[in-house]
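entry_12.txt follows (compact mmCIF, C-alpha atoms):
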# COMPACT_ATOMS: atom_id res chain seq x y z
CA MET A 1 0.00 0.00 0.00
CA ASP A 2 1.49 3.35 -1.06
CA THR A 3 -0.60 5.49 1.30
CA PRO A 4 0.82 5.71 4.86
CA LEU A 5 -1.19 3.79 7.43
CA ALA A 6 -2.90 5.32 10.46
CA VAL A 7 -3.73 1.86 11.83
CA ARG A 8 -1.91 -1.42 11.24
CA ALA A 9 -3.13 -4.47 13.14
CA ARG A 10 -1.78 -7.98 12.77
CA GLY A 11 -3.14 -11.04 14.57
CA ILE A 12 -5.00 -8.99 17.19
CA THR A 13 -6.81 -11.18 19.72
CA LYS A 14 -8.76 -9.97 22.75
CA CYS A 15 -10.62 -12.17 25.22
CA PHE A 16 -12.83 -11.43 28.18
CA GLY A 17 -12.71 -14.60 30.22
CA ASP A 18 -13.88 -17.40 27.95
CA VAL A 19 -15.37 -14.97 25.43
CA VAL A 20 -13.23 -14.24 22.37
CA ALA A 21 -14.11 -10.67 21.40
CA LEU A 22 -11.51 -10.35 18.62
CA ASP A 23 -10.00 -13.39 16.96
CA GLU A 24 -6.66 -12.83 15.18
CA ILE A 25 -7.77 -9.87 13.10
CA ASP A 26 -5.61 -8.07 10.54
CA LEU A 27 -6.58 -4.52 9.61
CA ASP A 28 -5.05 -1.62 7.66
CA VAL A 29 -6.56 1.87 7.74
CA ALA A 30 -4.93 4.44 5.48
CA GLN A 31 -4.26 8.00 6.61
CA GLY A 32 -6.80 10.56 5.42
CA GLN A 33 -9.53 7.94 5.14
CA ILE A 34 -12.96 7.63 6.72
CA HIS A 35 -13.19 3.95 7.56
CA GLY A 36 -16.41 2.31 8.73
CA VAL A 37 -16.68 -0.63 11.13
CA VAL A 38 -19.91 -2.60 11.08
CA GLY A 39 -21.17 -5.86 12.48
CA PRO A 40 -24.01 -7.42 14.46
CA ASN A 41 -24.32 -6.88 18.19
CA GLY A 42 -21.55 -8.86 19.84
CA ALA A 43 -19.29 -8.84 16.77
CA GLY A 44 -16.41 -7.02 18.51
CA LYS A 45 -16.80 -3.48 17.15
CA THR A 46 -16.65 -1.73 20.53
CA THR A 47 -13.67 -3.83 21.58
CA LEU A 48 -11.78 -2.85 18.43
CA LEU A 49 -12.51 0.85 18.91
CA GLY A 50 -11.47 0.57 22.56
CA LEU A 51 -8.09 -0.82 21.51
CA LEU A 52 -7.57 2.12 19.14
CA LEU A 53 -8.38 4.57 21.93
CA GLY A 54 -6.14 2.88 24.49
CA LEU A 55 -9.08 1.83 26.67
CA ALA A 56 -8.04 -1.82 26.37
CA VAL A 57 -4.97 -3.75 25.27
CA ALA A 58 -4.76 -6.78 23.04
CA ASP A 59 -3.89 -10.17 24.50
CA GLU A 60 -2.01 -11.17 21.36
CA GLY A 61 -0.86 -9.57 18.14
CA ARG A 62 0.75 -6.31 17.06
CA LEU A 63 -0.96 -2.93 16.79
CA GLU A 64 0.59 0.23 15.36
CA ILE A 65 -1.21 3.57 15.48
CA LEU A 66 0.17 6.59 13.64
CA ASP A 67 3.49 4.75 13.08
CA SER A 68 3.94 4.00 16.80
CA PRO A 69 3.68 0.49 18.31
CA VAL A 70 1.01 0.20 20.99
CA GLY A 71 2.32 -1.35 24.20
CA ARG A 72 0.60 -3.24 26.99
CA ALA A 73 -0.24 -0.22 29.13
CA LEU A 74 -3.71 1.35 29.25
CA GLU A 75 -3.05 4.76 27.78
CA ALA A 76 -4.37 6.84 24.91
CA PRO A 77 -1.99 6.81 21.94
CA GLY A 78 -0.71 10.25 20.97
CA GLY A 79 -2.75 12.04 18.34
CA VAL A 80 -5.85 9.90 18.95
CA ALA A 81 -9.22 11.11 20.27
CA GLY A 82 -12.82 9.98 20.29
CA PHE A 83 -15.30 8.00 22.35
CA VAL A 84 -17.03 4.65 22.72
CA ASP A 85 -20.38 4.01 24.42
CA GLY A 86 -21.12 7.74 24.24
CA PRO A 87 -19.03 10.72 25.32
CA GLY A 88 -18.26 11.26 29.01
CA LEU A 89 -19.77 14.64 29.94
CA TYR A 90 -20.60 16.61 33.09
CA PRO A 91 -24.38 17.13 33.20
CA SER A 92 -24.24 20.03 35.64
CA LEU A 93 -21.83 22.06 33.52
CA THR A 94 -22.59 24.06 30.40
CA ALA A 95 -21.40 22.92 27.00
CA ARG A 96 -18.65 25.52 27.04
CA LYS A 97 -17.46 24.57 30.56
CA ASN A 98 -17.56 20.88 29.64
CA LEU A 99 -15.10 21.49 26.82
CA ALA A 100 -12.81 23.52 29.05
CA ALA A 101 -12.86 20.84 31.76
CA LEU A 102 -12.28 17.98 29.34
CA ALA A 103 -9.40 19.83 27.69
CA ALA A 104 -7.79 20.41 31.09
CA LEU A 105 -8.13 16.73 32.01
CA ARG A 106 -6.25 15.81 28.85
CA GLY A 107 -3.46 18.17 29.71
CA GLY A 108 -4.46 20.77 27.17
CA ASP A 109 -5.18 24.46 27.56
CA ALA A 110 -8.01 25.24 25.17
CA GLY A 111 -8.70 28.94 24.86
CA ALA A 112 -12.11 30.54 24.45
CA ALA A 113 -11.60 30.89 20.71
CA ASP A 114 -10.75 27.19 20.36
CA ILE A 115 -13.85 26.20 22.32
CA ASP A 116 -16.08 28.52 20.32
CA ASP A 117 -14.66 27.13 17.09
CA ALA A 118 -15.28 23.52 18.16
CA LEU A 119 -18.85 24.34 19.20
CA GLY A 120 -19.44 26.12 15.92
CA GLN A 121 -18.18 23.18 13.89
CA VAL A 122 -20.76 20.84 15.43
CA GLY A 123 -23.60 23.39 15.40
CA LEU A 124 -23.89 24.01 19.16
CA THR A 125 -23.03 27.69 19.33
CA ASP A 126 -26.57 28.67 20.32
CA VAL A 127 -26.55 26.35 23.36
CA ALA A 128 -22.95 26.92 24.42
CA ASP A 129 -24.02 28.27 27.83
CA ASP A 130 -26.80 25.75 28.48
CA ARG A 131 -26.31 22.95 31.00
CA VAL A 132 -25.69 19.57 29.41
CA ARG A 133 -28.31 17.84 31.59
CA GLY A 134 -30.96 19.32 29.31
CA PHE A 135 -29.30 18.16 26.09
CA SER A 136 -30.82 15.54 23.83
CA LEU A 137 -28.86 12.40 22.93
CA GLY A 138 -27.90 13.89 19.58
CA MET A 139 -26.67 17.12 21.17
CA ARG A 140 -24.53 15.13 23.60
CA GLN A 141 -23.03 13.20 20.69
CA ARG A 142 -22.14 16.45 18.95
CA LEU A 143 -20.62 17.87 22.14
CA GLY A 144 -18.51 14.74 22.50
CA LEU A 145 -17.29 15.26 18.96
CA ALA A 146 -16.47 18.90 19.77
CA ALA A 147 -14.41 17.74 22.76
CA ALA A 148 -12.42 15.40 20.53
CA LEU A 149 -11.82 18.15 17.98
CA LEU A 150 -10.14 20.32 20.61
CA THR A 151 -7.17 17.95 20.59
CA ARG A 152 -6.76 18.31 16.82
CA PRO A 153 -6.57 14.52 16.43
CA ARG A 154 -4.74 12.77 13.62
CA LEU A 155 -6.93 9.72 14.29
CA LEU A 156 -10.53 10.20 15.37
CA VAL A 157 -12.36 7.13 16.69
CA LEU A 158 -16.14 7.37 17.07
CA ASP A 159 -18.75 4.88 18.25
CA GLU A 160 -22.20 5.53 16.70
CA PRO A 161 -21.57 9.28 16.19
CA ALA A 162 -24.92 9.74 14.40
CA ASN A 163 -26.90 8.21 17.27
CA GLY A 164 -29.87 10.46 18.08
CA LEU A 165 -29.01 13.09 15.47
CA ASP A 166 -31.72 15.01 13.63
CA PRO A 167 -31.09 15.91 9.95
CA ALA A 168 -29.42 19.22 10.85
CA GLY A 169 -27.16 17.57 13.40
CA LYS A 170 -26.21 14.82 10.98
CA LYS A 171 -25.32 17.42 8.36
CA HIS A 172 -22.99 19.15 10.83
CA VAL A 173 -21.30 15.90 11.85
CA HIS A 174 -20.89 14.66 8.28
CA GLY A 175 -19.38 18.00 7.32
CA VAL A 176 -16.89 17.89 10.19
CA LEU A 177 -15.74 14.34 9.40
CA THR A 178 -15.43 15.03 5.68
CA ARG A 179 -13.33 18.14 6.31
CA LEU A 180 -11.07 16.29 8.76
CA ALA A 181 -10.35 13.58 6.21
CA ALA A 182 -9.76 16.16 3.48
CA ASP A 183 -7.17 17.80 5.76
CA GLY A 184 -5.35 14.49 6.22
CA ALA A 185 -6.80 13.17 9.48
CA THR A 186 -8.14 9.61 9.70
CA VAL A 187 -11.59 8.72 11.00
CA VAL A 188 -12.64 5.27 12.18
CA LEU A 189 -16.31 5.02 13.08
CA SER A 190 -18.83 2.34 13.86
CA SER A 191 -22.49 2.66 12.99
CA HIS A 192 -25.63 0.65 12.47
CA ARG A 193 -26.71 3.29 9.94
CA MET A 194 -25.72 1.89 6.57
CA ASP A 195 -26.76 5.10 4.80
CA ASP A 196 -24.31 7.12 6.92
CA LEU A 197 -21.47 4.71 6.19
CA GLU A 198 -22.17 4.71 2.46
CA ALA A 199 -22.27 8.52 2.44
CA LEU A 200 -19.06 8.96 4.41
CA CYS A 201 -16.73 5.98 4.11
CA SER A 202 -14.29 5.07 1.38
CA GLU A 203 -13.63 1.68 3.00
CA VAL A 204 -15.45 -0.54 5.48
CA THR A 205 -14.64 -3.48 7.70
CA ILE A 206 -17.36 -5.98 8.51
CA LEU A 207 -16.99 -8.02 11.69
CA ALA A 208 -18.82 -11.19 12.66
CA THR A 209 -18.19 -13.12 15.89
CA GLY A 210 -14.85 -11.40 16.41
CA ARG A 211 -13.49 -12.03 12.93
CA ILE A 212 -13.18 -9.81 9.87
CA VAL A 213 -15.36 -11.16 7.08
CA PHE A 214 -14.68 -8.27 4.71
CA THR A 215 -12.43 -5.24 4.62
CA GLY A 216 -11.86 -2.96 1.66
CA PRO A 217 -13.43 -0.33 -0.58
CA LEU A 218 -17.19 -0.03 -0.79
CA GLY A 219 -16.97 -0.48 -4.55
CA LYS A 220 -15.31 -3.86 -4.14
CA LEU A 221 -17.99 -4.91 -1.69
CA SER A 222 -20.72 -3.99 -4.16
CA ALA A 223 -18.95 -5.77 -7.00
CA GLU A 224 -18.65 -8.94 -4.95
CA ASN A 225 -22.29 -8.86 -3.91
CA GLN A 226 -24.96 -11.05 -5.44
CA GLU A 227 -28.12 -9.87 -7.14
CA LEU A 228 -29.89 -6.90 -5.57
CA ASP A 229 -33.55 -5.95 -5.51
CA TYR A 230 -34.34 -2.58 -7.13
CA ARG A 231 -37.39 -0.38 -6.84
CA LEU A 232 -38.32 0.72 -10.35
CA ILE A 233 -40.82 3.44 -11.23
CA THR A 234 -41.39 4.40 -14.87
CA SER A 235 -43.81 6.40 -16.99
CA ASP A 236 -45.34 3.18 -18.37
CA GLU A 237 -45.68 0.27 -15.95
CA GLU A 238 -46.97 -2.23 -18.47
CA ALA A 239 -44.19 -1.53 -20.96
CA ALA A 240 -41.62 -1.74 -18.16
CA ARG A 241 -43.08 -5.06 -17.03
CA ARG A 242 -42.92 -6.43 -20.57
CA LEU A 243 -39.36 -5.26 -21.19
CA ALA A 244 -38.18 -6.58 -17.83
CA GLY A 245 -39.67 -9.95 -18.66
CA ASP A 246 -37.77 -9.98 -21.96
CA THR A 247 -34.42 -9.01 -20.40
CA SER A 248 -32.17 -11.90 -19.47
CA GLY A 249 -31.10 -11.85 -15.82
CA VAL A 250 -33.98 -9.65 -14.61
CA GLN A 251 -36.70 -11.11 -12.37
CA LEU A 252 -39.80 -9.19 -11.31
CA ILE A 253 -40.00 -10.57 -7.81
CA ASP A 254 -43.28 -8.85 -6.88
CA GLU A 255 -44.90 -11.45 -9.12
CA ALA A 256 -43.30 -14.24 -7.10
CA GLY A 257 -44.97 -12.98 -3.94
CA VAL A 258 -41.72 -11.85 -2.33
CA PHE A 259 -42.72 -8.19 -2.29
CA THR A 260 -46.15 -6.60 -2.29
CA ARG A 261 -46.60 -3.54 -4.45
CA LYS A 262 -48.06 -0.71 -2.42
CA ASP A 263 -48.10 1.98 -5.09
CA ALA A 264 -49.35 1.90 -8.65
CA GLY A 265 -46.49 1.86 -11.12
CA VAL A 266 -43.90 0.41 -8.71
CA LEU A 267 -42.03 -2.71 -9.75
CA VAL A 268 -39.36 -4.59 -7.82
CA ALA A 269 -36.71 -6.14 -10.05
CA ARG A 270 -33.94 -8.52 -8.96
CA ALA A 271 -30.80 -8.35 -11.10
CA LEU A 272 -27.06 -8.00 -11.31
CA VAL A 273 -25.84 -4.59 -12.45
CA PRO A 274 -25.13 -5.58 -16.10
CA ALA A 275 -28.65 -6.97 -16.51
CA LEU A 276 -30.12 -3.87 -14.89
CA ASP A 277 -28.13 -1.66 -17.28
CA GLU A 278 -29.53 -3.62 -20.21
CA LEU A 279 -33.08 -3.11 -18.93
CA VAL A 280 -32.55 0.64 -18.56
CA MET A 281 -31.22 0.90 -22.12
CA ARG A 282 -34.24 -1.00 -23.43
CA LEU A 283 -36.60 1.29 -21.53
CA VAL A 284 -34.91 4.37 -23.01
CA ARG A 285 -35.06 2.97 -26.55
CA GLU A 286 -38.79 2.35 -26.10
CA GLY A 287 -39.32 5.92 -24.89
CA VAL A 288 -40.19 4.86 -21.33
CA ALA A 289 -39.01 7.37 -18.73
CA VAL A 290 -37.23 5.99 -15.66
CA ARG A 291 -38.46 8.11 -12.75
CA GLU A 292 -36.86 6.14 -9.92
CA LEU A 293 -34.33 3.32 -9.76
CA ALA A 294 -32.83 2.52 -6.38
CA PRO A 295 -31.88 -0.56 -4.36
CA VAL A 296 -34.57 -1.74 -1.97
CA VAL A 297 -31.69 -2.65 0.34
CA SER A 298 -28.36 -0.89 -0.18
CA PRO A 299 -25.35 -2.90 -1.43
CA LEU A 300 -23.64 -2.45 1.95
CA GLU A 301 -26.68 -3.63 3.89
CA ALA A 302 -27.19 -6.58 1.55
CA ALA A 303 -23.57 -7.65 1.98
CA PHE A 304 -23.78 -7.08 5.74
CA LEU A 305 -26.77 -9.41 5.99
CA ALA A 306 -25.19 -12.03 3.76
CA LEU A 307 -21.84 -12.04 5.57
CA THR A 308 -23.02 -11.80 9.17
CA GLU A 309 -26.15 -13.92 9.29
CA GLN A 310 -26.30 -15.26 12.83
CA PRO A 311 -28.58 -15.24 15.89
CA GLU A 312 -28.95 -11.79 17.43
CA GLN A 313 -27.00 -11.11 20.59
CA GLU A 314 -28.35 -8.84 23.28
CA SER A 315 -25.35 -6.52 23.55
CA ASP A 316 -22.14 -5.59 21.78
CA ARG A 317 -18.78 -6.58 23.15
Rewritten as structure tokens:
Amino acid sequence: MDTPLAVRARGITKCFGDVVALDEIDLDVAQGQIHGVVGPNGAGKTTLLGLLLGLAVADEGRLEILDSPVGRALEAPGGVAGFVDGPGLYPSLTARKNLAALAALRGGDAGAADIDDALGQVGLTDVADDRVRGFSLGMRQRLGLAAALLTRPRLLVLDEPANGLDPAGKKHVHGVLTRLAADGATVVLSSHRMDDLEALCSEVTILATGRIVFTGPLGKLSAENQELDYRLITSDEEAARRLAGDTSGVQLIDEAGVFTRKDAGVLVARALVPALDELVMRLVREGVAVRELAPVVSPLEAAFLALTEQPEQESDR
């Protein structure tokens, strides 16, 4: 790999008693990348993020963060910031005083301008002097992100950063993470929101029962995926139905009873991308307008389900 690595893990194993949380995983995360970590509850996501933040140490294997080997002591690696299981905040303090206190605990000396800038980046300027006890979950998540930004991290590690966010809050957070990556910082985040990961991440790692079942670019994941189901709306349903039936590799699965059409003019077609492209070209040649064509389940979610199918666990490790 030509790009320098922010994270390099080889053979990382972590156990809690008889439970194997991470089982000999290898992982590379390039600098300047937003890298997503996904998996079912109990897959080991939180454990992995905790190792990156210095909240836990591996039992076996080698871990390098920002070109420095991670030892066996519980300490935050230099240049790394973030949170798992939600940010630790002081409910009785205001947002502004929380940031000042957290900066002091980390040995920093954030000035008023730095704090105002961090609050502005996450869209909390208007509530800077409100006590955190009255904040919603999404506001607390954004304040935790602001606290991490004060350290100017080279590696930002976030656990479910979009949890509880409204559309405006999500826009702020996405903007912050995109700008950080553009400036050369690395972001590793976990999320159950596949749409957020697809919007933000250039690469993803999928965990299942403590093992990596996929890691790499989203495009490679989509290419390796099997047929997807697509919602298709056109200007002429009957013509679209006829053309789909005549196109090799396209199956209208609403007819098989797999999906129920709820709206007039909506078809659900199952196909690989080349077959879908052929159908679209045939529709255009026939003068049928394609008004909507989108996966019923995103490529990432489809791959996630296919690669991690297992009984649900009650809680993440």
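Considering the residues A:Lys14, A:Arg152, A:Lys45, A:Arg62 and counting all atoms listed in the file, Val188 (chain A) has its shortest atom-to-atom contact with A:Lys45.
The interatomic distance for the pair CA of Ala289 (chain A) and CA of Leu272 (chain A) works out to 20.8 Å.
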Quick one: residues within 10 Å of region 242-248 of chain A, all atoms listed in the file counted, chain neighbours fewer than 2 positions away excluded, as a compact mmCIF listing (two decimals) with C-alpha atoms, keeping the file's coordinate frame?
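Saved the output as part36.txt:
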# COMPACT_ATOMS: atom_id res chain seq x y z
CA GLU A 237 -45.68 0.27 -15.95
CA GLU A 238 -46.97 -2.23 -18.47
CA ALA A 239 -44.19 -1.53 -20.96
CA ALA A 240 -41.62 -1.74 -18.16
CA VAL A 250 -33.98 -9.65 -14.61
CA GLN A 251 -36.70 -11.11 -12.37
CA LEU A 252 -39.80 -9.19 -11.31
CA LEU A 267 -42.03 -2.71 -9.75
CA ALA A 269 -36.71 -6.14 -10.05
CA ALA A 271 -30.80 -8.35 -11.10
CA ALA A 275 -28.65 -6.97 -16.51
CA LEU A 276 -30.12 -3.87 -14.89
CA GLU A 278 -29.53 -3.62 -20.21
CA LEU A 279 -33.08 -3.11 -18.93
CA VAL A 280 -32.55 0.64 -18.56
CA ARG A 282 -34.24 -1.00 -23.43
CA LEU A 283 -36.60 1.29 -21.53
CA GLU A 286 -38.79 2.35 -26.10
Atom pair CA of Ala185 (chain A) / CA of Thr3 (chain A): separation (Å):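 CA of Thr3 (chain A) lies at a distance of 12.8 Å from CA of Ala185 (chain A).
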Just checking: using all atoms listed in the file, which residue out of A:Asp126, A:Leu218, A:Val38, A:Ala58 ends up closest to Arg193 (chain A)?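 Under the stated criterion, the closest residue is A:Val38.
For the atom pair formed by CA of Glu24 (chain A) and CA of Thr209 (chain A), the distance is 11.6 Å, given to one decimal.
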Region 136-143 of chain A, all listed atoms, 4 Å padding on each side: what axis-aligned box centre and edge lengths in Å to one decimal come out, as lines of an AutoDock Vina configuration file?
center_x = -25.7
center_y = 15.1
center_z = 21.4
size_x = 18.2
size_y = 13.5
size_z = 12.9
Identify, on the basis of all atoms listed in the file, every residue whose closest approach to Leu232 (chain A) does not exceed 9 Å; exclude the query and any residue fewer than 2 positions from it along the same chain; express the result as number ranges by chain. A: 230, 234, 240, 265-269, 290-295
So, counting only C-alpha atoms, which residue among A:Leu305, A:Leu22, A:Val157, A:Ala147 is closest to Gly54 (chain A)?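 For Gly54 (chain A), the nearest of the given residues is A:Val157.
Considering only C-alpha atoms, the residue among A:Gly111, A:Gly61, A:Gly184, A:Pro299 positioned nearest to Ala6 (chain A) is A:Gly184.
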Using all atoms listed in the file, can you list as JSON, numbers by chain the residues within 7 Å of (-11.2, 1.8, 16.5)? {"A": [48, 49, 50, 51, 52, 53, 157, 188, 189]}
In terms of the shortest atom-to-atom distance over only C-alpha atoms, which of A:Ala208, A:Leu177, A:Leu137, A:Val80 is closest to Leu156 (chain A)?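 Closest to Leu156 (chain A), using only C-alpha atoms: A:Val80.
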With only C-alpha atoms counted, which protein, DNA or RNA residues have an atom no more than 7 Å from (-32.1, -4.6, -4.0) in the file frame? Please answer as a ChimeraX atom specification. /A:228-230,270,295-298
As a tab-separated table (two decimals), in the coordinates of the input, please: region 92-114 of chain A completed to N, CA and C atoms.
chain	number	residue	atom	x	y	z
A	92	SER	N	-23.97	18.78	34.94
A	92	SER	CA	-24.24	20.03	35.64
A	92	SER	C	-23.51	21.23	35.05
A	93	LEU	N	-22.58	20.97	34.14
A	93	LEU	CA	-21.83	22.06	33.52
A	93	LEU	C	-22.43	22.43	32.17
A	94	THR	N	-22.15	23.64	31.73
A	94	THR	CA	-22.59	24.06	30.40
A	94	THR	C	-21.74	23.38	29.33
A	95	ALA	N	-22.18	23.49	28.10
A	95	ALA	CA	-21.40	22.92	27.00
A	95	ALA	C	-20.01	23.53	26.95
A	96	ARG	N	-19.94	24.83	27.10
A	96	ARG	CA	-18.65	25.52	27.04
A	96	ARG	C	-17.73	25.07	28.17
A	97	LYS	N	-18.28	24.98	29.41
A	97	LYS	CA	-17.46	24.57	30.56
A	97	LYS	C	-17.08	23.10	30.47
A	98	ASN	N	-17.92	22.28	29.86
A	98	ASN	CA	-17.56	20.88	29.64
A	98	ASN	C	-16.30	20.79	28.78
A	99	LEU	N	-16.26	21.55	27.71
A	99	LEU	CA	-15.10	21.49	26.82
A	99	LEU	C	-13.84	21.97	27.53
A	100	ALA	N	-13.97	23.02	28.32
A	100	ALA	CA	-12.81	23.52	29.05
A	100	ALA	C	-12.31	22.49	30.06
A	101	ALA	N	-13.24	21.84	30.77
A	101	ALA	CA	-12.86	20.84	31.76
A	101	ALA	C	-12.23	19.62	31.11
A	102	LEU	N	-12.81	19.16	30.02
A	102	LEU	CA	-12.28	17.98	29.34
A	102	LEU	C	-10.90	18.26	28.75
A	103	ALA	N	-10.71	19.47	28.22
A	103	ALA	CA	-9.40	19.83	27.69
A	103	ALA	C	-8.35	19.85	28.79
A	104	ALA	N	-8.73	20.36	29.96
A	104	ALA	CA	-7.79	20.41	31.09
A	104	ALA	C	-7.43	19.01	31.56
A	105	LEU	N	-8.40	18.10	31.59
A	105	LEU	CA	-8.13	16.73	32.01
A	105	LEU	C	-7.14	16.05	31.09
A	106	ARG	N	-7.17	16.42	29.82
A	106	ARG	CA	-6.25	15.81	28.85
A	106	ARG	C	-4.91	16.52	28.79
A	107	GLY	N	-4.72	17.47	29.67
A	107	GLY	CA	-3.46	18.17	29.71
A	107	GLY	C	-3.34	19.31	28.73
A	108	GLY	N	-4.46	19.67	28.13
A	108	GLY	CA	-4.46	20.77	27.17
A	108	GLY	C	-4.88	22.08	27.82
A	109	ASP	N	-4.79	23.13	27.07
A	109	ASP	CA	-5.18	24.46	27.56
A	109	ASP	C	-5.96	25.15	26.46
A	110	ALA	N	-7.20	24.69	26.25
A	110	ALA	CA	-8.01	25.24	25.17
A	110	ALA	C	-8.48	26.64	25.54
A	111	GLY	N	-8.24	27.58	24.64
A	111	GLY	CA	-8.70	28.94	24.86
A	111	GLY	C	-10.15	29.11	24.45
A	112	ALA	N	-10.71	30.27	24.77
A	112	ALA	CA	-12.11	30.54	24.45
A	112	ALA	C	-12.37	30.46	22.96
A	113	ALA	N	-11.42	30.93	22.16
A	113	ALA	CA	-11.60	30.89	20.71
A	113	ALA	C	-11.63	29.46	20.20
A	114	ASP	N	-10.77	28.60	20.77
A	114	ASP	CA	-10.75	27.19	20.36
A	114	ASP	C	-12.07	26.51	20.70
